[in-house]
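**Student:** So I've got this file, run.txt, and it contains compact mmCIF, C-alpha atoms and all ligand atoms:
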# COMPACT_ATOMS: atom_id res chain seq x y z
CA MET C 217 42.81 -25.17 -1.30
CA GLY C 218 43.76 -28.77 -0.28
CA GLN C 219 44.11 -30.36 3.13
CA THR C 220 45.06 -28.03 6.01
CA GLY C 221 47.63 -28.92 8.65
CA VAL C 222 48.69 -27.32 11.93
CA LEU C 223 52.23 -28.06 13.10
CA LEU C 224 52.75 -27.57 16.84
CA LEU C 225 56.39 -26.93 17.71
CA ASN C 226 57.78 -27.77 21.10
CA LEU C 227 61.05 -28.58 22.80
CA GLY C 228 60.47 -32.24 23.68
CA GLY C 229 61.61 -34.08 26.75
CA PRO C 230 62.96 -37.53 27.66
CA ASP C 231 60.21 -40.14 28.04
CA ARG C 232 62.31 -42.54 30.17
CA PRO C 233 65.52 -42.34 32.26
CA GLU C 234 67.59 -43.85 29.43
CA ASP C 235 66.44 -41.07 27.09
CA VAL C 236 67.96 -38.31 29.25
CA ARG C 237 71.51 -38.45 27.93
CA PRO C 238 70.65 -38.60 24.21
CA PHE C 239 68.02 -35.88 24.74
CA LEU C 240 70.67 -33.66 26.38
CA TYR C 241 73.06 -34.46 23.54
CA ASN C 242 70.51 -33.25 20.97
CA LEU C 243 69.87 -30.10 23.02
CA PHE C 244 73.52 -29.15 23.46
CA SER C 245 74.27 -29.96 19.80
CA ASP C 246 72.08 -27.00 18.86
CA PRO C 247 74.12 -23.83 18.25
CA GLU C 248 71.04 -21.80 19.28
CA ILE C 249 71.38 -23.31 22.77
CA ILE C 250 75.11 -23.32 23.29
CA ARG C 251 77.24 -20.96 21.23
CA LEU C 252 80.81 -21.97 20.57
CA PRO C 253 83.62 -20.20 18.73
CA PHE C 254 84.16 -23.29 16.55
CA ARG C 255 81.39 -25.26 14.87
CA TRP C 256 83.50 -28.45 14.90
CA LEU C 257 83.63 -28.34 18.71
CA GLN C 258 79.82 -28.42 19.00
CA LYS C 259 79.30 -32.19 18.80
CA PRO C 260 82.25 -33.26 21.02
CA LEU C 261 81.23 -30.69 23.64
CA ALA C 262 77.57 -31.75 23.38
CA TRP C 263 78.68 -35.34 23.96
CA PHE C 264 80.81 -34.28 26.90
CA ILE C 265 78.20 -32.08 28.62
CA SER C 266 75.36 -34.54 28.03
CA THR C 267 77.42 -37.43 29.41
CA SER C 268 78.47 -35.44 32.47
CA ARG C 269 75.10 -33.82 33.15
CA ALA C 270 73.00 -36.94 32.55
CA ARG C 271 73.24 -38.29 36.11
CA LYS C 272 72.17 -35.02 37.77
CA SER C 273 69.44 -34.50 35.20
CA GLN C 274 68.21 -38.10 35.55
CA ALA C 275 67.96 -37.61 39.31
CA ASN C 276 65.75 -34.56 38.69
CA TYR C 277 63.57 -36.46 36.22
CA ALA C 278 63.38 -39.34 38.75
CA GLN C 279 61.67 -36.91 41.16
CA ILE C 280 58.84 -36.45 38.63
CA GLY C 281 58.43 -40.12 37.67
CA GLY C 282 61.53 -40.72 35.52
CA GLY C 283 60.61 -38.73 32.41
CA SER C 284 58.99 -35.61 31.04
CA PRO C 285 55.19 -35.35 30.70
CA LEU C 286 55.66 -33.03 27.71
CA ARG C 287 54.78 -35.50 24.95
CA ARG C 288 51.58 -36.67 26.66
CA ILE C 289 50.44 -33.09 27.39
CA THR C 290 51.28 -31.88 23.87
CA GLU C 291 49.27 -34.78 22.42
CA GLN C 292 46.30 -33.78 24.61
CA GLN C 293 46.66 -30.17 23.42
CA ALA C 294 46.77 -31.30 19.77
CA LYS C 295 43.61 -33.38 20.22
CA ALA C 296 41.76 -30.56 21.97
CA LEU C 297 42.92 -28.03 19.38
CA LYS C 298 41.69 -30.21 16.51
CA ALA C 299 38.23 -30.29 18.12
CA ALA C 300 38.27 -26.51 18.83
CA LEU C 301 39.22 -25.84 15.19
CA ALA C 302 36.38 -28.08 14.00
CA ASP C 303 34.01 -25.95 16.15
CA LEU C 304 35.26 -22.93 14.16
CA GLY C 305 34.60 -24.77 10.89
CA ILE C 306 38.25 -25.65 10.22
CA GLU C 307 39.05 -29.29 9.49
CA ALA C 308 42.78 -29.69 10.06
CA ASN C 309 45.31 -32.44 10.66
CA LEU C 310 47.40 -31.76 13.75
CA TYR C 311 51.15 -32.58 13.87
CA ILE C 312 53.65 -32.36 16.71
CA GLY C 313 57.26 -31.44 15.94
CA MET C 314 59.63 -31.60 18.91
CA ARG C 315 63.05 -30.03 18.60
CA TYR C 316 65.17 -32.41 20.72
CA TRP C 317 63.12 -35.60 21.27
CA HIS C 318 60.35 -37.75 19.80
CA PRO C 319 58.27 -37.05 17.84
CA PHE C 320 60.99 -35.04 16.08
CA THR C 321 60.15 -32.13 13.77
CA GLU C 322 61.63 -34.08 10.85
CA GLU C 323 59.17 -36.95 11.54
CA ALA C 324 56.24 -34.50 11.57
CA ILE C 325 57.37 -32.98 8.28
CA ALA C 326 57.68 -36.44 6.67
CA GLN C 327 54.07 -37.17 7.71
CA ILE C 328 52.89 -33.77 6.44
CA LYS C 329 54.34 -34.65 3.03
CA LEU C 330 52.73 -38.11 3.06
CA ASP C 331 49.36 -36.57 3.95
CA ASN C 332 49.68 -34.18 1.02
CA ILE C 333 49.05 -31.11 3.18
CA ARG C 334 48.64 -28.02 0.97
CA GLN C 335 48.16 -25.36 3.65
CA LEU C 336 50.14 -25.37 6.88
CA VAL C 337 50.04 -23.21 10.01
CA ILE C 338 53.24 -23.42 12.06
CA LEU C 339 52.47 -22.68 15.69
CA PRO C 340 55.22 -22.79 18.35
CA LEU C 341 53.89 -23.69 21.78
CA TYR C 342 56.01 -20.92 23.32
CA PRO C 343 54.03 -17.70 23.95
CA GLN C 344 57.18 -15.55 23.74
CA TYR C 345 59.74 -15.74 20.92
CA SER C 346 63.33 -16.61 21.80
CA ILE C 347 66.25 -17.41 19.54
CA SER C 348 66.75 -20.51 21.72
CA THR C 349 63.21 -21.91 21.36
CA SER C 350 60.88 -20.88 18.48
CA GLY C 351 63.88 -19.39 16.67
CA SER C 352 65.74 -22.69 16.78
CA SER C 353 62.73 -24.63 15.44
CA PHE C 354 62.16 -22.06 12.66
CA ARG C 355 65.80 -22.31 11.66
CA LEU C 356 65.53 -26.10 11.41
CA LEU C 357 62.33 -25.88 9.35
CA GLU C 358 63.86 -23.28 7.06
CA ALA C 359 66.76 -25.65 6.35
CA LEU C 360 64.31 -28.49 5.59
CA TRP C 361 62.39 -26.19 3.22
CA GLU C 362 65.57 -25.07 1.47
CA ASN C 363 66.58 -28.67 0.76
CA ASP C 364 63.22 -30.07 -0.32
CA PRO C 365 61.35 -28.78 -3.40
CA ALA C 366 58.23 -30.78 -2.35
CA LEU C 367 57.95 -28.71 0.85
CA ARG C 368 58.12 -25.52 -1.16
CA GLN C 369 54.76 -26.47 -2.74
CA ILE C 370 53.07 -26.06 0.65
CA HIS C 371 51.47 -22.70 1.47
CA TYR C 372 52.65 -22.17 5.03
CA THR C 373 52.40 -19.41 7.57
CA LEU C 374 54.39 -18.92 10.79
CA ILE C 375 53.10 -17.55 14.09
CA PRO C 376 56.28 -16.14 15.67
CA SER C 377 54.78 -15.38 19.12
CA TRP C 378 51.41 -14.87 20.79
CA TYR C 379 52.22 -13.64 24.33
CA ASN C 380 49.69 -10.81 23.85
CA HIS C 381 46.74 -12.87 22.62
CA PRO C 382 43.74 -11.81 24.76
CA GLY C 383 42.47 -15.41 25.16
CA TYR C 384 45.84 -16.63 26.42
CA VAL C 385 46.22 -13.64 28.76
CA ALA C 386 42.68 -14.15 30.14
CA ALA C 387 43.32 -17.88 30.75
CA MET C 388 46.53 -17.09 32.65
CA ALA C 389 44.75 -14.44 34.75
CA GLU C 390 41.98 -16.89 35.56
CA LEU C 391 44.42 -19.55 36.79
CA ILE C 392 46.25 -16.97 38.95
CA ARG C 393 42.95 -15.69 40.40
CA ARG C 394 41.97 -19.25 41.35
CA GLU C 395 45.27 -19.78 43.15
CA LEU C 396 45.16 -16.38 44.93
CA ASP C 397 41.68 -17.16 46.20
CA GLN C 398 43.08 -20.20 48.03
CA CYS C 399 45.36 -17.91 50.10
CA PRO C 400 44.27 -16.59 53.53
CA ASN C 401 44.72 -12.94 52.38
CA PRO C 402 44.25 -13.10 48.60
CA ASP C 403 44.93 -9.39 47.93
CA THR C 404 48.30 -9.20 49.67
CA ALA C 405 49.95 -12.38 48.30
CA MET C 406 53.05 -11.71 46.19
CA VAL C 407 52.48 -12.82 42.58
CA PHE C 408 55.88 -14.20 41.56
CA PHE C 409 56.34 -14.60 37.79
CA SER C 410 59.16 -17.06 37.13
CA ALA C 411 60.32 -17.13 33.50
CA HIS C 412 62.80 -19.57 31.98
CA GLY C 413 66.05 -17.63 31.62
CA VAL C 414 68.34 -17.22 28.63
CA PRO C 415 71.95 -15.99 28.59
CA LYS C 416 71.93 -12.19 28.92
CA SER C 417 73.99 -11.82 25.69
CA TYR C 418 71.08 -13.28 23.69
CA VAL C 419 69.13 -10.12 24.53
CA THR C 420 71.88 -7.49 24.76
CA GLU C 421 74.01 -8.66 21.83
CA ALA C 422 71.88 -10.89 19.62
CA GLY C 423 68.70 -8.81 19.95
CA ASP C 424 66.49 -11.63 21.23
CA PRO C 425 63.04 -10.04 21.88
CA TYR C 426 62.40 -12.64 24.62
CA GLN C 427 62.87 -10.38 27.67
CA GLU C 428 60.79 -7.58 26.13
CA GLN C 429 57.97 -10.01 25.37
CA ILE C 430 58.13 -11.61 28.82
CA GLU C 431 57.89 -8.16 30.49
CA ALA C 432 55.00 -7.10 28.24
CA CYS C 433 53.26 -10.41 28.91
CA VAL C 434 53.53 -9.91 32.69
CA ARG C 435 52.01 -6.40 32.37
CA LEU C 436 49.11 -7.71 30.28
CA ILE C 437 48.39 -10.55 32.71
CA MET C 438 48.52 -8.23 35.75
CA ASN C 439 46.07 -5.85 33.98
CA ALA C 440 43.75 -8.73 33.14
CA LEU C 441 44.01 -10.03 36.72
CA GLY C 442 42.65 -6.74 38.02
CA ARG C 443 43.76 -7.34 41.61
CA PRO C 444 45.83 -5.06 43.87
CA ASN C 445 48.56 -7.69 44.52
CA PRO C 446 52.23 -6.76 44.36
CA HIS C 447 54.16 -8.71 41.73
CA VAL C 448 57.72 -9.52 40.76
CA LEU C 449 59.44 -11.11 37.76
CA ALA C 450 62.57 -13.30 37.97
CA TYR C 451 64.33 -15.87 35.76
CA GLN C 452 64.98 -19.54 36.55
CA SER C 453 66.81 -22.61 35.19
CA ARG C 454 70.22 -21.07 34.55
CA VAL C 455 72.74 -23.45 32.97
CA GLY C 456 76.51 -22.86 32.83
CA PRO C 457 78.85 -20.13 34.03
CA VAL C 458 77.80 -17.12 31.89
CA GLU C 459 75.43 -14.41 33.09
CA TRP C 460 71.74 -15.04 32.34
CA LEU C 461 68.81 -12.64 32.54
CA GLN C 462 68.50 -11.28 36.06
CA PRO C 463 67.22 -11.30 38.72
CA TYR C 464 67.50 -15.01 39.35
CA THR C 465 64.50 -16.73 40.95
CA GLU C 466 66.70 -18.43 43.56
CA ASP C 467 68.07 -15.02 44.70
CA ILE C 468 64.72 -13.21 44.84
CA ILE C 469 62.89 -15.81 46.93
CA PRO C 470 65.11 -15.34 50.05
CA GLU C 471 65.19 -11.54 49.47
CA LEU C 472 61.40 -11.38 49.53
CA ALA C 473 61.32 -13.54 52.66
CA ALA C 474 63.84 -11.18 54.30
CA GLN C 475 61.55 -8.25 53.43
CA GLY C 476 58.75 -9.98 55.36
CA VAL C 477 56.78 -11.50 52.47
CA LYS C 478 54.92 -14.55 53.79
CA THR C 479 52.84 -15.70 50.80
CA LEU C 480 54.13 -16.46 47.31
CA VAL C 481 51.99 -17.45 44.35
CA VAL C 482 54.46 -18.58 41.71
CA VAL C 483 53.45 -18.25 38.04
CA PRO C 484 55.50 -20.13 35.43
CA ILE C 485 55.33 -17.63 32.59
CA SER C 486 57.34 -18.88 29.62
CA PHE C 487 55.95 -22.34 29.12
CA ILE C 488 52.36 -23.53 28.77
CA SER C 489 52.78 -27.19 29.78
CA GLU C 490 53.90 -28.86 32.97
CA HIS C 491 57.50 -29.96 32.62
CA ILE C 492 60.64 -30.57 34.65
CA GLU C 493 61.07 -26.89 35.50
CA THR C 494 57.58 -26.55 36.99
CA LEU C 495 57.24 -29.99 38.58
CA GLN C 496 60.78 -30.36 39.92
CA GLU C 497 62.51 -26.97 39.99
CA ILE C 498 59.59 -24.84 41.26
CA ASP C 499 57.51 -27.42 43.12
CA ILE C 500 60.42 -29.11 44.88
CA GLU C 501 63.61 -26.96 44.82
CA TYR C 502 62.10 -23.46 45.07
CA ARG C 503 59.44 -24.55 47.55
CA GLU C 504 62.17 -25.93 49.84
CA LEU C 505 64.21 -22.73 49.43
CA ALA C 506 61.16 -20.57 50.20
CA GLU C 507 60.18 -22.55 53.27
CA GLU C 508 63.73 -22.47 54.63
CA ALA C 509 63.77 -18.68 54.09
CA GLY C 510 60.53 -18.23 56.08
CA ILE C 511 57.83 -18.10 53.39
CA GLU C 512 54.73 -19.61 55.01
CA ILE C 513 52.48 -20.12 52.01
CA PHE C 514 53.95 -21.23 48.69
CA ARG C 515 51.49 -21.98 45.92
CA ARG C 516 52.24 -22.62 42.26
CA VAL C 517 49.84 -21.72 39.48
CA PRO C 518 49.36 -24.80 37.26
CA ALA C 519 50.47 -24.67 33.64
CA LEU C 520 47.68 -24.13 31.11
CA ASN C 521 48.01 -27.61 29.54
CA ASP C 522 44.63 -28.22 27.87
CA HIS C 523 42.73 -25.45 29.71
CA PRO C 524 39.57 -24.97 27.55
CA GLY C 525 39.84 -21.16 27.24
CA PHE C 526 43.48 -21.49 26.27
CA ILE C 527 42.74 -24.10 23.59
CA VAL C 528 40.05 -21.82 22.15
CA ALA C 529 42.68 -19.04 22.08
CA LEU C 530 45.04 -21.31 20.10
CA ALA C 531 42.22 -22.14 17.69
CA GLN C 532 41.53 -18.41 17.20
CA LEU C 533 45.23 -17.82 16.56
CA VAL C 534 45.21 -20.50 13.85
CA LYS C 535 42.01 -19.09 12.30
CA GLU C 536 43.40 -15.52 12.32
CA SER C 537 46.68 -16.66 10.74
CA LEU C 538 44.82 -18.52 7.94
CA ALA C 539 42.90 -15.34 7.13
CA ALA C 540 45.95 -13.04 7.28
CA PRO C 541 48.69 -12.71 4.63
CA PRO C 542 51.14 -15.61 5.09
CA ARG C 543 54.17 -15.03 7.28
CA THR C 544 57.19 -16.74 5.78
CA PHE C 545 60.68 -17.69 6.94
CA ALA C 546 61.86 -14.58 5.07
CA ASP C 547 59.55 -12.42 7.25
CA VAL C 548 60.94 -13.98 10.41
CA ASN C 549 64.40 -13.43 8.94
CA THR C 550 63.71 -9.69 8.94
CA LEU C 551 63.44 -10.05 12.70
CA ARG C 552 66.75 -11.88 12.59
CA LYS C 553 68.41 -9.25 10.38
CA ARG C 554 67.96 -6.69 13.15
CA VAL C 555 69.82 -9.16 15.30
CA LYS C 556 73.50 -8.53 15.84
CA LEU C 557 75.79 -11.49 15.42
CA TYR C 558 76.99 -13.24 18.49
CA PRO C 559 80.46 -12.18 19.62
CA GLN C 560 81.88 -15.59 18.76
CA GLU C 561 80.70 -15.30 15.15
CA ARG C 562 82.26 -11.86 14.77
CA TRP C 563 85.44 -13.20 16.26
CA GLU C 564 85.46 -16.16 13.89
CA TRP C 565 85.23 -13.84 10.89
CA GLY C 566 88.29 -11.88 11.93
CA MET C 567 90.54 -14.90 12.28
CA THR C 568 93.80 -15.17 10.43
CA SER C 569 95.14 -18.60 9.53
CA ALA C 570 97.84 -18.32 12.23
CA ALA C 571 95.24 -17.45 14.82
CA GLU C 572 93.14 -20.34 13.58
CA ARG C 573 96.05 -22.75 14.11
CA TRP C 574 96.52 -21.49 17.64
CA ASN C 575 92.82 -21.60 18.32
CA GLY C 576 92.75 -25.21 17.13
CA ARG C 577 95.63 -26.14 19.42
CA LEU C 578 94.04 -24.42 22.42
CA ALA C 579 90.70 -26.04 21.69
CA MET C 580 92.34 -29.48 21.52
CA LEU C 581 94.03 -28.84 24.86
CA GLY C 582 90.68 -27.68 26.27
CA PHE C 583 88.99 -30.79 24.97
CA LEU C 584 91.67 -32.98 26.54
CA ALA C 585 91.12 -31.14 29.85
CA LEU C 586 87.41 -31.84 29.53
CA ILE C 587 88.04 -35.57 29.07
CA ILE C 588 90.31 -35.59 32.13
CA GLU C 589 87.65 -33.75 34.12
CA LEU C 590 85.01 -36.25 32.99
CA ILE C 591 87.16 -39.18 34.13
CA SER C 592 88.40 -37.63 37.38
CA GLY C 593 85.16 -35.84 38.33
CA GLN C 594 87.19 -32.77 39.28
CA GLY C 595 88.02 -29.56 37.48
CA PRO C 596 86.90 -26.02 36.61
CA LEU C 597 83.52 -27.01 35.12
CA HIS C 598 82.59 -28.81 38.35
CA MET C 599 83.73 -25.75 40.32
CA LEU C 600 81.54 -23.49 38.15
CA GLY C 601 78.59 -25.84 38.66
CA LEU C 602 78.27 -26.60 34.93
CA LEU C 603 78.75 -30.31 35.54
C1 LIG X 1 60.62 -20.80 26.99
C2 LIG X 1 61.14 -21.85 27.47
C3 LIG X 1 62.56 -22.22 27.39
C4 LIG X 1 63.70 -21.45 27.10
C5 LIG X 1 63.79 -19.98 26.78
C6 LIG X 1 64.83 -22.34 27.18
C7 LIG X 1 66.16 -21.97 26.98
C8 LIG X 1 67.25 -22.76 27.35
N1 LIG X 1 67.24 -24.01 27.96
C9 LIG X 1 68.52 -24.46 28.18
C10 LIG X 1 68.92 -25.68 28.77
C11 LIG X 1 68.07 -26.76 29.11
N2 LIG X 1 66.71 -26.82 28.93
C12 LIG X 1 66.24 -28.03 29.32
C13 LIG X 1 64.95 -28.48 29.27
C14 LIG X 1 63.86 -27.71 28.88
N3 LIG X 1 63.87 -26.34 28.61
C15 LIG X 1 62.59 -25.93 28.30
C16 LIG X 1 62.16 -24.64 27.97
C17 LIG X 1 63.00 -23.57 27.63
N4 LIG X 1 64.36 -23.59 27.50
C18 LIG X 1 61.77 -27.11 28.38
C19 LIG X 1 60.29 -27.13 28.11
C20 LIG X 1 62.55 -28.21 28.71
C21 LIG X 1 62.15 -29.68 28.76
C22 LIG X 1 61.52 -29.99 30.03
C23 LIG X 1 61.11 -31.38 30.20
O1 LIG X 1 60.06 -31.58 30.86
O2 LIG X 1 61.80 -32.33 29.80
C24 LIG X 1 67.33 -28.83 29.78
C25 LIG X 1 67.24 -30.27 30.25
C26 LIG X 1 66.78 -30.38 31.65
C27 LIG X 1 67.92 -30.21 32.59
O3 LIG X 1 68.89 -30.99 32.53
O4 LIG X 1 67.87 -29.25 33.36
C28 LIG X 1 68.48 -28.04 29.64
C29 LIG X 1 69.87 -28.44 29.98
C30 LIG X 1 69.38 -23.44 27.70
C31 LIG X 1 70.90 -23.53 27.76
C32 LIG X 1 68.61 -22.39 27.17
C33 LIG X 1 68.99 -21.12 26.53
C34 LIG X 1 70.06 -20.91 25.86
FE FE X 2 65.53 -25.05 28.67
Turn the structure described in the file into structure tokens.

**Tutor:**
Amino acid sequence: MGQTGVLLLNLGGPDRPEDVRPFLYNLFSDPEIIRLPFRWLQKPLAWFISTSRARKSQANYAQIGGGSPLRRITEQQAKALKAALADLGIEANLYIGMRYWHPFTEEAIAQIKLDNIRQLVILPLYPQYSISTSGSSFRLLEALWENDPALRQIHYTLIPSWYNHPGYVAAMAELIRRELDQCPNPDTAMVFFSAHGVPKSYVTEAGDPYQEQIEACVRLIMNALGRPNPHVLAYQSRVGPVEWLQPYTEDIIPELAAQGVKTLVVVPISFISEHIETLQEIDIEYRELAEEAGIEIFRRVPALNDHPGFIVALAQLVKESLAAPPRTFADVNTLRKRVKLYPQERWEWGMTSAAERWNGRLAMLGFLALIIELISGQGPLHMLGLL
């Protein structure tokens, strides 16, 4: 077998303030992130939302130094993982493939080809699988594979999710224990798991296993923690007007305060690196909300980043996947086949040409309304809080 590679998949984040708008454009151009009835509307709407949201988003990034720490942390993880793999006797090249910002997945794949990698492990840095995260990256890779015979020479294997890996669960429990032990009454503090949300329809209609895996992950971590603390799970970072997984973090914090809870230990559960939603949303916005509601002690469990036990767990995952039968895009597709189509896709199939004409006209009117709203700064999207 030739040279081995490990491709780490991640979302990516803007490095500098001027990257925010193009980063948002890439994100909203992805049909796994924002589902529209018409494919042709995707890019204009992505342009519109990214242009309108950029200022608010830049202000949030400004609160954490102007950009995302994601690239730096992922590079540290890759370096540590290479060393941990060497300790297990595996010499591997490490590659980082971000979905929406540098270094892009396409750049990583070009380098993998140049390096003549013969055996590749594809490891998403998301513990739980979601259509919107690992699913989106797998879909992109599958398209690259389909269009490139050279890539089809590589023996690859996918790791769809690893929320139940004992080493990861133990590392999470250890970080929570450390934080609890800083509280005046460690055994009574409320352990508050805050997961990144997804639109509810992803789970109920498209069959995204994300919620199931998040809930299972919380149970495993609480078991490993082995403490009598009460705990709660809620979902943060909602975008747009549609319903997302509930309960929402911003609703539960004041409810807990009203019930007399005084100490919260917040655990970011769906992401393993510090990023805007830990450093800005939890540390600044939710802390302020909690303090206003009467929470006296608000502590946040740090993200795993390059936690040594966690890196060893990733190395074990890679080793196990090299020893197991390869998992291909077709295998992950079986997961997708169980998945019902999104309502918009079903609707698109049933369209007659007359309906299509009308849909086109309505969409053009809608797009015009969007432009007017962008220029005037007023309109339904502002009212809904989308812009
Ligand atoms: C498991 C983690 C994540 C899920 C699930 C997820 C779904 C999801 N996200 C959006 C919209 C946005 N996400 C943004 C940034 C962002 N999201 C995640 C993780 C998950 N997203 C990360 C790691 C980051 C990057 C953070 C960084 O440090 O830069 C943003 C941009 C930030 C902002 O303007 O708020 C948006 C927008 C949707 C719509 C979605 C599910 C459909
Ligand atoms: Fe997100």

**Student:** Counting all atoms listed in the file, which residue out of C:Pro457, C:Pro524, C:Gly228, C:Pro425 sits closest to ligand LIG 1 (chain X)?

**Tutor:** C:Gly228

**Student:** Using only C-alpha atoms and all ligand atoms, pick whichever of C:Leu341, C:Val414, C:Leu301, C:Val477 has the shortest atom-to-atom distance to ligand FE 2 (chain X).

**Tutor:**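 Ranked by minimum distance to ligand FE 2 (chain X), first place goes to C:Val414.
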
**Student:** Env of Phe526 of chain C: 10 Å cut, atoms = all atoms listed in the file, seq-sep filter 5 positions within chain, self excluded. Answer as a list in words.

**Tutor:**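 Residues meeting the cut-off are Gln293, Leu297, His381, Pro382, Gly383, Tyr384, Val385, Ala386, Ala387, Met388, Ile488, Leu520, Asn521, Ala531 and Gln532 of chain C.
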
**Student:** Check the smallest atom-to-atom distance from each of C:Gly413, C:Pro340, C:Gly476, C:Gly283 to Leu530 of chain C using all atoms listed in the file, then report the winner.

**Tutor:**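 Checking each candidate against Leu530 of chain C, we get C:Pro340 as the closest.
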
**Student:** Go through C:Ala509, C:Val236, C:Ala422, C:Ala529 and flag the residue nearest ligand LIG 1 (chain X), using only C-alpha atoms and all ligand atoms for the distances.

**Tutor:**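 Distance minimum relative to ligand LIG 1 (chain X) lands on C:Val236.
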
**Student:** Hey, can you check how far atom CA of Pro415 of chain C sits from atom CA of Leu286 of chain C?

**Tutor:** 23.6 Å
